[in-house]
Structures are given as structure tokens and as C-alpha cells.
Amino acid sequence: MSAPITDRPASRTTRADANPTVEGAPDPRRWWALATIALGVSLVIMDATIVNVALPVVIGALSLDATTAEWMNAIYALVFAGLLLSTGRLGDVRGRRRTFALGMGIFIAASVAAGAATSGAMLVSARAVQGVGAAMILPTTLSTMNALFHGRERGIAFAVYGSTIGGMAAFGPLVGGWLATDVSWRWAFWLNIPFGLLALLGILRFIPETRDPVSDGGFDVWGAVLSAVAMSGLVFALIEGAHYGWWRQTSGALSPVPVALALALVAAVVFARHVTRRVRAGRSALVDPHLFGIPTLRYGVIAAGIVAFGEFGLMFVLPLLLEGTLGYSALGAGWMLVSLAAGAFLASGMTPQLTAALGQRTVVRIGLASEAFAVAGLAWFVSPTVAGWVLAVCLFIYGLGVGMATAQLSSLIMSDVPRAQGGQASGVQSTIRQVGSALGIALLGTLLVTSLGSGLDSRLADAGMPVSARVPLVELVRGSAGAGIPALDRMPDAAQVAPAAREAMVAASRTTMEFATAALLLGLLATLALPRPESPRPEQ
């Protein structure tokens, strides 16, 4: 099994890899490998956002009902979250390059099927398989970088990695809006094919094979099953809580959400006992509990989870605000979010120099402070008549912060992890980020919808509208999370309600952004627990 992790210098002796170029002279292919990794991660991140923008067009083209439309995205998130720990460890045991390549192949094949879908069932099934491929790609890319880069080059590599994630999350809506508007929604999936094949070629040509050299070669199957049940149950509950109800459905029947939460809790407890027993018995486990004895990983993933809560909660609110209230089209909202991507990409050029001068912890804190400042600015300035350039400036500053914080926080989390166990650590941090993002979308999304409904109802009541008239209008706006506001302008009997609905949406968005700001500041405080860097020790 992987050697237990301690804080003693001797633990560094486990930082060996199967590929001798990693520990000897730097691999000459490493920068091409980084480009390949960035391309692979781009496809996974962009696929999650590109589909959101194309969803209304897909619903119309395939005549999807509301449940199928919801599951088109939910199934991807559930499978992705449920397999991250398993695929991270699979890369350690069987080879990260092999796992990366297999995941990319699965992702491409599923993209072909998704783009060719003729029914909702076919599309949902293809999205589930896409989640399998994505889960094999993300943790193996991070652990491969941890094995290939060190020293000053490490800061550069993680800056590129972090900016790619932040930039593609913002760039995806633009591409999705363009494809859905001017080409075909099918190309939102088929776009993965040529770029996926290019990434696959790069994997086979430039990325060396790395793995855990001291693994017993076994794979913890029961650990994989338990982790999948725990994570899928938790993410399902967070995603579907607002839809089904946290306890009972509107029909009075018991909601599946508390059942999913209970199942997730039981599976998590059994999983913790299972991996602890395996490690004590000298057998390989899906996650070595000793990893959490590394302070940078332990406190880093806490900070990462909190930050993901604020970041993804904000990214849920922004498109709804731009399109539902401020009058932007899907393509226009995509162009507005490009300013965020520009900030993230600019950060990739600045971060290595800042890290060399100030250190990783300081750069992470500057990045998180920039994010919090930008989101607070959005909350302060947002109004139905806010100028586009004001939003663009705030989003640009936010993007700068994302580029700096995401990159260096990922690097800090992995910095003291033995390279042999990079897949486990990558899976852990990716899983925590996924839970944080799902929690952010669930709680901040619920806050947005609740504030929007109560705010509009209060405004209409103050205007003298009777309950019987305002209830259906409030439900239309609340049920669509503000996306239905433009429809009010086209309803002769409800046109006078549209201004009140926009005011209520702005107020609800402001409240939600304030909570997102608080989450980012809490993440900033969590970085205070990160240990100071020790003097460099030679690799053994």
C-alpha cells in the first residue's frame, strides 16, 4: 500500500514515481504535457457551462419535460462527484496517463452520443457517461502536474491550470450561446470531438506515465462503491432539495431528499471505518486517512470548499440576473462573462511573478480578497439600469482573483503530498470543491428564489393587488428563478408587474451576492490556518 503520511521528513521518501524523468532531469515534454492537461480540463469545465446556456433550445428541440431537463444536468454532476475519489486512486494504481486517456476516450464517445440524441432518455444516458469520463480526467490531470512540476515551474504550471478553470467556466456560456443561437445545440456536445481527439493525441505523445510505485496493485472496490453512494446521495440532496422539498413534497408525500441524505451519511461513516481498517491491515485503500495529517491539505481543502461555495453560488445567480432582469440575451450574457475570463487568463501571466515575490499563501489571499471585493461591488452597484461597463469591471477583477486563488490554492493543497499519492489527494480536493459548489448552488439558489418570491409578493401587495391575482404571477417569477420576468412584458394583463419583478430580482440578487461575499471572506479567513512554508528539502 502507499506509505503512511506523517509530518516527518522521512515521509518525503515516498515521493517517487514510476517515470524516472520526473525524479531525474526534467521531462522535456512537460510544457506540451501542460498544454494537453489544460485542453483536457477546459473541455470538462466548459461542458458543464456550455450546456446550461443551450438548455432552453434543447428542451424545445427534443420536447423534454421539466424532469428530464433537470436530470440532463443533474446526472452529470451526480456521476462526476460520485467517482472523483475512485478515479483519483485508479490513476495512482493503474497509471495516471492511462486513466486520463481512457477518460478522454469515454468523454468523446459520450459527446458523440449526446449530440446525436433523439430523445430525452438517450441524452440523459449520454450525459451520465460523460460524467464518468470527466471524473477520470480531472483528478488525474492534477496529480500528473504534481508529479511533473516542482520549484519555480510549479507556480507557472498551476497558474495556467487555475486560470484555465476560471476562464473556461466563464467562456463556456459565450460559446454555448453562440452555438445554440447561430449553429445547433448539438454542436455544444460535438465541439468536444475535435478538441478531445487533439487532447488524446497530446496524452499519448507528451504525457509520461506516473503511478504509485509502492502500491500493492489492488483497488479498493468496496471503498469505491461506498464513496460513490455517499457523494452521489449528498450531491443529489443539495441539487434537488429546492425542487422536491427538504422534508415533504408539495403533494404531501415524503421527499426523497432526506432519504438521500441519510443514505449518504451512513455510507460516509461506513467508508471512513472501511478505509481506516484497510490501512491498519496494511492493504491499499481508496483514501489513506494519514493524508489529512498534512496541514496544507487539511486546511487547504477546507478553504477550497468554502470558496467553491461562494464562487459557484455566484455563477448560478449571474446568468439569471443578466438575462432575466437586465435585458441581456444568452449571447450577450456570454459576452459579459468574457470579462471574467479575461481577468482569469491575465492572472496566469501575473501569478508566477507574484508567487516568487510574495509566496503562495499571500497570492491566495490577494486572490480571495479580490474576489470578495468584486462581488461586494456587484452587490453595491447592481440595479435595473446599471451600466454594462460597471459589471464588466467588477467581473474582470473577480476573474483576476479566481485566476490567482484557484491556481495557488490547488498548488498549496498538493505541495506536501507525496507524488505517489497525488491521485488520492487530487480526488479529495476535487470532491470537496464539488460538494462546496453544489452546496453553494443549493443554498444561495434557494436564498435567491425565496427572496425573489417574498420581495415581489410584498411589492404587489403594497400596490394593492389582491392575493388571487398576485399568487400566479409570483409563482411564475419565483418558479423560474427570475427567468420568466421577460415574459411578463408580453402579457397584457401583467405588463405593469414587470418593473416590480425586476426590482425584486435585483434586491434578491444583491442579498445573494452579499452572502457569496461573506463565504469568500470566510474562505480567506480559513487560509490563515495554512502553515508557513518550510525550508526546501531535497527530494529523495
# chains A, B, ... in the order shown; residues from 1 in each chain; ligands from 1
call {"tool": "closest_atom_pairs", "arguments": {"of": "region 154-257 of chain A", "to": "region 316-336 of chain A", "cutoff": "10 Å", "atoms": "only C-alpha atoms", "output": "Markdown table"}}
result
| residue | atom | partner | partner_atom | distance |
| --- | --- | --- | --- | --- |
| A:Ala170 | CA | A:Gly334 | CA | 7.6 |
| A:Phe171 | CA | A:Gly334 | CA | 7.0 |
| A:Gly172 | CA | A:Gly334 | CA | 7.7 |
| A:Pro173 | CA | A:Gly334 | CA | 4.8 |
| A:Leu174 | CA | A:Gly334 | CA | 3.7 |
| A:Val175 | CA | A:Gly334 | CA | 7.4 |
| A:Gly176 | CA | A:Leu331 | CA | 8.0 |
| A:Gly177 | CA | A:Leu331 | CA | 4.6 |
| A:Trp178 | CA | A:Leu331 | CA | 5.9 |
| A:Leu179 | CA | A:Leu331 | CA | 9.3 |
| A:Ala180 | CA | A:Leu331 | CA | 9.0 |
| A:Thr181 | CA | A:Leu331 | CA | 7.7 |
| A:Asp182 | CA | A:Leu331 | CA | 9.9 |
call {"tool": "write_last_selection", "arguments": {"atoms": "C-alpha atoms", "output": "tab-separated table (two decimals), in the first residue's frame"}}
result
chain	number	residue	atom	x	y	z
A	170	ALA	CA	-16.86	31.98	-17.90
A	171	PHE	CA	-16.07	31.36	-21.59
A	172	GLY	CA	-18.44	28.39	-21.83
A	173	PRO	CA	-21.66	30.46	-21.76
A	174	LEU	CA	-20.44	32.57	-24.69
A	175	VAL	CA	-19.67	29.52	-26.81
A	176	GLY	CA	-22.91	27.86	-25.75
A	177	GLY	CA	-24.96	30.96	-26.54
A	178	TRP	CA	-23.36	31.29	-29.97
A	179	LEU	CA	-23.81	27.62	-30.87
A	180	ALA	CA	-27.40	27.48	-29.65
A	181	THR	CA	-28.31	30.74	-31.41
A	182	ASP	CA	-26.44	30.56	-34.73
call {"tool": "residues_around", "arguments": {"residues": "region 472-474 of chain A", "least_positions_apart": "5", "cutoff": "10 Å", "atoms": "only C-alpha atoms", "output": "compact mmCIF listing (two decimals) with C-alpha atoms, in the first residue's frame"}}
result
# COMPACT_ATOMS: atom_id res chain seq x y z
CA LEU A 452 -37.38 36.94 -5.02
CA GLY A 453 -40.79 35.44 -4.24
CA SER A 454 -41.29 37.25 -0.94
CA GLY A 455 -39.96 40.54 -2.36
CA LEU A 456 -42.29 40.52 -5.35
CA ASP A 457 -45.28 39.46 -3.26
CA SER A 458 -44.60 42.32 -0.84
CA LEU A 460 -47.51 43.74 -5.35
CA VAL A 467 -53.96 37.78 -3.37
CA GLY A 479 -40.61 29.18 -10.09
CA SER A 480 -38.38 30.30 -12.96
CA GLY A 482 -36.40 35.20 -12.44
CA GLY A 484 -39.72 34.30 -16.57
CA ILE A 485 -39.60 38.05 -15.96
CA LEU A 488 -44.38 39.48 -18.18
CA ALA A 494 -49.20 41.57 -16.32
CA VAL A 497 -45.91 43.81 -12.88
CA ALA A 498 -42.60 43.56 -14.78
CA ALA A 501 -40.43 41.89 -10.63
call {"tool": "residues_around", "arguments": {"residues": "Pro289 (chain A)", "least_positions_apart": "2", "cutoff": "8 Å", "atoms": "only C-alpha atoms", "output": "number ranges by chain"}}
result
A: 275-276, 287, 291-293
call {"tool": "closest_residue", "arguments": {"among": "A:Arg29, A:His290, A:Arg361, A:Arg510", "to": "Leu447 (chain A)", "atoms": "only C-alpha atoms"}}
result
A:Arg510
call {"tool": "residues_around", "arguments": {"residues": "region 40-50 of chain A", "least_positions_apart": "3", "cutoff": "8 Å", "atoms": "only C-alpha atoms", "output": "list in words"}}
result
Thr36, Ile37, Val53, Ala54, Asn73, Met104, Ala134, Ile137, Leu138, Thr141, Thr164, Ile165, Met168, Ala169, Ala170, Phe171, Gly172, Pro173, Leu174, Val175, Gly176, Gly177, Ala188, Phe189, Asn192, Phe195, Gly196 and Ala199 of chain A
call {"tool": "write_last_selection", "arguments": {"atoms": "N, CA and C atoms", "output": "mmCIF file, in the first residue's frame"}}
result
data_model
loop_
_atom_site.group_PDB
_atom_site.id
_atom_site.type_symbol
_atom_site.label_atom_id
_atom_site.label_comp_id
_atom_site.auth_asym_id
_atom_site.auth_seq_id
_atom_site.Cartn_x
_atom_site.Cartn_y
_atom_site.Cartn_z
ATOM 1 N N THR A 36 -1.605 19.985 -22.944
ATOM 2 C CA THR A 36 -2.575 18.902 -23.095
ATOM 3 C C THR A 36 -3.507 18.844 -21.891
ATOM 4 N N ILE A 37 -2.936 18.969 -20.704
ATOM 5 C CA ILE A 37 -3.736 18.958 -19.479
ATOM 6 C C ILE A 37 -4.722 20.119 -19.476
ATOM 7 N N VAL A 53 -26.476 27.094 -21.042
ATOM 8 C CA VAL A 53 -26.980 28.129 -21.932
ATOM 9 C C VAL A 53 -27.825 27.519 -23.052
ATOM 10 N N ALA A 54 -27.422 26.342 -23.520
ATOM 11 C CA ALA A 54 -28.141 25.694 -24.625
ATOM 12 C C ALA A 54 -29.405 24.968 -24.165
ATOM 13 N N ASN A 73 -28.663 17.817 -16.553
ATOM 14 C CA ASN A 73 -27.503 18.371 -15.857
ATOM 15 C C ASN A 73 -27.231 17.666 -14.543
ATOM 16 N N MET A 104 -10.676 10.441 -21.426
ATOM 17 C CA MET A 104 -10.903 11.290 -22.585
ATOM 18 C C MET A 104 -11.624 10.523 -23.687
ATOM 19 N N ALA A 134 -15.430 12.596 -17.408
ATOM 20 C CA ALA A 134 -14.949 13.803 -16.744
ATOM 21 C C ALA A 134 -14.311 13.488 -15.399
ATOM 22 N N ILE A 137 -10.846 12.340 -15.857
ATOM 23 C CA ILE A 137 -9.919 13.354 -16.378
ATOM 24 C C ILE A 137 -9.412 14.281 -15.274
ATOM 25 N N LEU A 138 -10.330 14.849 -14.487
ATOM 26 C CA LEU A 138 -9.950 15.961 -13.606
ATOM 27 C C LEU A 138 -8.909 15.584 -12.553
ATOM 28 N N THR A 141 -5.355 14.774 -14.050
ATOM 29 C CA THR A 141 -4.581 15.913 -14.560
ATOM 30 C C THR A 141 -3.851 16.615 -13.424
ATOM 31 N N THR A 164 -7.143 28.374 -16.410
ATOM 32 C CA THR A 164 -7.928 27.600 -17.368
ATOM 33 C C THR A 164 -9.301 27.271 -16.787
ATOM 34 N N ILE A 165 -9.339 26.842 -15.536
ATOM 35 C CA ILE A 165 -10.610 26.513 -14.899
ATOM 36 C C ILE A 165 -11.495 27.749 -14.789
ATOM 37 N N MET A 168 -12.449 29.126 -18.483
ATOM 38 C CA MET A 168 -13.374 28.292 -19.240
ATOM 39 C C MET A 168 -14.768 28.275 -18.615
ATOM 40 N N ALA A 169 -14.854 28.388 -17.294
ATOM 41 C CA ALA A 169 -16.163 28.454 -16.644
ATOM 42 C C ALA A 169 -16.933 29.682 -17.112
ATOM 43 N N ALA A 170 -16.213 30.763 -17.416
ATOM 44 C CA ALA A 170 -16.856 31.982 -17.903
ATOM 45 C C ALA A 170 -16.999 31.987 -19.417
ATOM 46 N N PHE A 171 -16.065 31.359 -20.130
ATOM 47 C CA PHE A 171 -16.073 31.362 -21.589
ATOM 48 C C PHE A 171 -17.131 30.418 -22.152
ATOM 49 N N GLY A 172 -17.463 29.370 -21.386
ATOM 50 C CA GLY A 172 -18.435 28.387 -21.832
ATOM 51 C C GLY A 172 -19.782 28.984 -22.213
ATOM 52 N N PRO A 173 -20.371 29.884 -21.387
ATOM 53 C CA PRO A 173 -21.664 30.459 -21.764
ATOM 54 C C PRO A 173 -21.640 31.208 -23.094
ATOM 55 N N LEU A 174 -20.527 31.868 -23.409
ATOM 56 C CA LEU A 174 -20.435 32.570 -24.688
ATOM 57 C C LEU A 174 -20.488 31.579 -25.844
ATOM 58 N N VAL A 175 -19.687 30.533 -25.750
ATOM 59 C CA VAL A 175 -19.670 29.520 -26.809
ATOM 60 C C VAL A 175 -21.026 28.830 -26.897
ATOM 61 N N GLY A 176 -21.612 28.502 -25.742
ATOM 62 C CA GLY A 176 -22.914 27.858 -25.747
ATOM 63 C C GLY A 176 -23.990 28.743 -26.337
ATOM 64 N N GLY A 177 -23.981 30.028 -25.991
ATOM 65 C CA GLY A 177 -24.959 30.959 -26.544
ATOM 66 C C GLY A 177 -24.833 31.101 -28.051
ATOM 67 N N ALA A 188 -22.917 21.904 -29.195
ATOM 68 C CA ALA A 188 -22.485 22.135 -27.814
ATOM 69 C C ALA A 188 -21.823 20.875 -27.263
ATOM 70 N N PHE A 189 -22.205 19.709 -27.812
ATOM 71 C CA PHE A 189 -21.581 18.436 -27.438
ATOM 72 C C PHE A 189 -20.513 18.023 -28.448
ATOM 73 N N ASN A 192 -16.729 18.879 -28.479
ATOM 74 C CA ASN A 192 -15.743 18.102 -27.710
ATOM 75 C C ASN A 192 -14.971 17.113 -28.576
ATOM 76 N N PHE A 195 -11.547 18.671 -30.377
ATOM 77 C CA PHE A 195 -10.617 19.086 -29.333
ATOM 78 C C PHE A 195 -10.271 17.909 -28.410
ATOM 79 N N GLY A 196 -11.224 17.010 -28.214
ATOM 80 C CA GLY A 196 -10.940 15.820 -27.421
ATOM 81 C C GLY A 196 -9.937 14.912 -28.108
ATOM 82 N N ALA A 199 -6.582 16.448 -27.663
ATOM 83 C CA ALA A 199 -6.090 16.187 -26.309
ATOM 84 C C ALA A 199 -5.615 14.744 -26.175
#
call {"tool": "closest_residue", "arguments": {"among": "A:Ile193, A:Leu358, A:Leu234, A:Ala159", "to": "Gly401 (chain A)", "atoms": "only C-alpha atoms"}}
result
A:Ala159
call {"tool": "decode", "arguments": {"residues": "region 74-168 of chain A", "atoms": "C-alpha atoms", "output": "mmCIF file, in the first residue's frame"}}
result
data_model
loop_
_atom_site.group_PDB
_atom_site.id
_atom_site.type_symbol
_atom_site.label_atom_id
_atom_site.label_comp_id
_atom_site.auth_asym_id
_atom_site.auth_seq_id
_atom_site.Cartn_x
_atom_site.Cartn_y
_atom_site.Cartn_z
ATOM 1 C CA ALA A 74 -28.095 16.666 -12.518
ATOM 2 C CA ILE A 75 -26.955 13.239 -13.738
ATOM 3 C CA TYR A 76 -23.650 14.683 -14.964
ATOM 4 C CA ALA A 77 -23.000 16.310 -11.576
ATOM 5 C CA LEU A 78 -24.015 13.179 -9.640
ATOM 6 C CA VAL A 79 -21.805 10.775 -11.587
ATOM 7 C CA PHE A 80 -18.920 13.239 -11.651
ATOM 8 C CA ALA A 81 -18.994 13.819 -7.886
ATOM 9 C CA GLY A 82 -19.532 10.148 -7.062
ATOM 10 C CA LEU A 83 -16.480 8.893 -8.964
ATOM 11 C CA LEU A 84 -13.812 11.533 -8.222
ATOM 12 C CA LEU A 85 -12.235 9.674 -5.292
ATOM 13 C CA SER A 86 -12.289 6.361 -7.143
ATOM 14 C CA THR A 87 -10.761 7.662 -10.356
ATOM 15 C CA GLY A 88 -8.083 9.601 -8.474
ATOM 16 C CA ARG A 89 -6.936 6.415 -6.779
ATOM 17 C CA LEU A 90 -7.336 4.424 -10.001
ATOM 18 C CA GLY A 91 -4.785 6.733 -11.601
ATOM 19 C CA ASP A 92 -2.338 6.149 -8.738
ATOM 20 C CA VAL A 93 -2.652 2.367 -9.040
ATOM 21 C CA ARG A 94 -3.100 1.757 -12.776
ATOM 22 C CA GLY A 95 -1.316 4.805 -14.171
ATOM 23 C CA ARG A 96 -2.443 8.415 -14.465
ATOM 24 C CA ARG A 97 -1.678 8.731 -18.163
ATOM 25 C CA ARG A 98 -3.672 5.583 -18.906
ATOM 26 C CA THR A 99 -6.617 6.761 -16.787
ATOM 27 C CA PHE A 100 -6.522 10.239 -18.372
ATOM 28 C CA ALA A 101 -6.528 8.741 -21.875
ATOM 29 C CA LEU A 102 -9.335 6.303 -21.082
ATOM 30 C CA GLY A 103 -11.399 9.093 -19.528
ATOM 31 C CA MET A 104 -10.903 11.290 -22.585
ATOM 32 C CA GLY A 105 -11.944 8.444 -24.879
ATOM 33 C CA ILE A 106 -15.112 7.870 -22.847
ATOM 34 C CA PHE A 107 -15.838 11.611 -22.797
ATOM 35 C CA ILE A 108 -15.504 11.873 -26.600
ATOM 36 C CA ALA A 109 -17.711 8.830 -27.237
ATOM 37 C CA ALA A 110 -20.389 10.147 -24.863
ATOM 38 C CA SER A 111 -20.252 13.572 -26.555
ATOM 39 C CA VAL A 112 -20.942 11.901 -29.911
ATOM 40 C CA ALA A 113 -23.979 10.154 -28.421
ATOM 41 C CA ALA A 114 -25.236 13.299 -26.653
ATOM 42 C CA GLY A 115 -25.059 15.374 -29.832
ATOM 43 C CA ALA A 116 -26.861 12.664 -31.798
ATOM 44 C CA ALA A 117 -29.592 12.181 -29.154
ATOM 45 C CA THR A 118 -33.133 11.912 -30.472
ATOM 46 C CA SER A 119 -34.860 11.541 -27.108
ATOM 47 C CA GLY A 120 -34.535 12.728 -23.561
ATOM 48 C CA ALA A 121 -33.603 9.258 -22.296
ATOM 49 C CA MET A 122 -30.748 8.983 -24.795
ATOM 50 C CA LEU A 123 -29.449 12.419 -23.868
ATOM 51 C CA VAL A 124 -29.584 11.785 -20.110
ATOM 52 C CA SER A 125 -27.793 8.448 -20.557
ATOM 53 C CA ALA A 126 -25.068 10.088 -22.646
ATOM 54 C CA ARG A 127 -24.639 12.797 -20.018
ATOM 55 C CA ALA A 128 -24.164 10.117 -17.347
ATOM 56 C CA VAL A 129 -21.366 8.542 -19.387
ATOM 57 C CA GLN A 130 -19.848 11.999 -19.923
ATOM 58 C CA GLY A 131 -19.719 12.298 -16.132
ATOM 59 C CA VAL A 132 -17.704 9.065 -15.955
ATOM 60 C CA GLY A 133 -15.164 10.420 -18.452
ATOM 61 C CA ALA A 134 -14.949 13.803 -16.744
ATOM 62 C CA ALA A 135 -14.360 12.164 -13.360
ATOM 63 C CA MET A 136 -11.431 10.207 -14.829
ATOM 64 C CA ILE A 137 -9.919 13.354 -16.378
ATOM 65 C CA LEU A 138 -9.950 15.961 -13.606
ATOM 66 C CA PRO A 139 -8.089 14.274 -10.692
ATOM 67 C CA THR A 140 -5.538 12.590 -12.960
ATOM 68 C CA THR A 141 -4.581 15.913 -14.560
ATOM 69 C CA LEU A 142 -3.924 17.467 -11.167
ATOM 70 C CA SER A 143 -1.871 14.534 -9.875
ATOM 71 C CA THR A 144 0.113 14.401 -13.125
ATOM 72 C CA MET A 145 1.026 18.070 -12.728
ATOM 73 C CA ASN A 146 2.055 17.400 -9.148
ATOM 74 C CA ALA A 147 4.454 14.739 -10.443
ATOM 75 C CA LEU A 148 5.838 16.687 -13.417
ATOM 76 C CA PHE A 149 6.480 20.158 -11.988
ATOM 77 C CA HIS A 150 8.339 21.434 -8.952
ATOM 78 C CA GLY A 151 10.202 24.530 -7.866
ATOM 79 C CA ARG A 152 9.524 27.755 -9.766
ATOM 80 C CA GLU A 153 7.974 25.850 -12.677
ATOM 81 C CA ARG A 154 5.312 24.523 -10.339
ATOM 82 C CA GLY A 155 3.909 28.024 -9.788
ATOM 83 C CA ILE A 156 3.718 28.628 -13.535
ATOM 84 C CA ALA A 157 2.017 25.301 -14.192
ATOM 85 C CA PHE A 158 -0.620 25.757 -11.514
ATOM 86 C CA ALA A 159 -1.238 29.345 -12.627
ATOM 87 C CA VAL A 160 -2.071 28.045 -16.095
ATOM 88 C CA TYR A 161 -4.231 25.305 -14.571
ATOM 89 C CA GLY A 162 -6.177 27.646 -12.306
ATOM 90 C CA SER A 163 -6.719 30.270 -14.973
ATOM 91 C CA THR A 164 -7.928 27.600 -17.368
ATOM 92 C CA ILE A 165 -10.610 26.513 -14.899
ATOM 93 C CA GLY A 166 -11.726 30.063 -14.110
ATOM 94 C CA GLY A 167 -11.569 31.248 -17.707
ATOM 95 C CA MET A 168 -13.374 28.292 -19.240
#
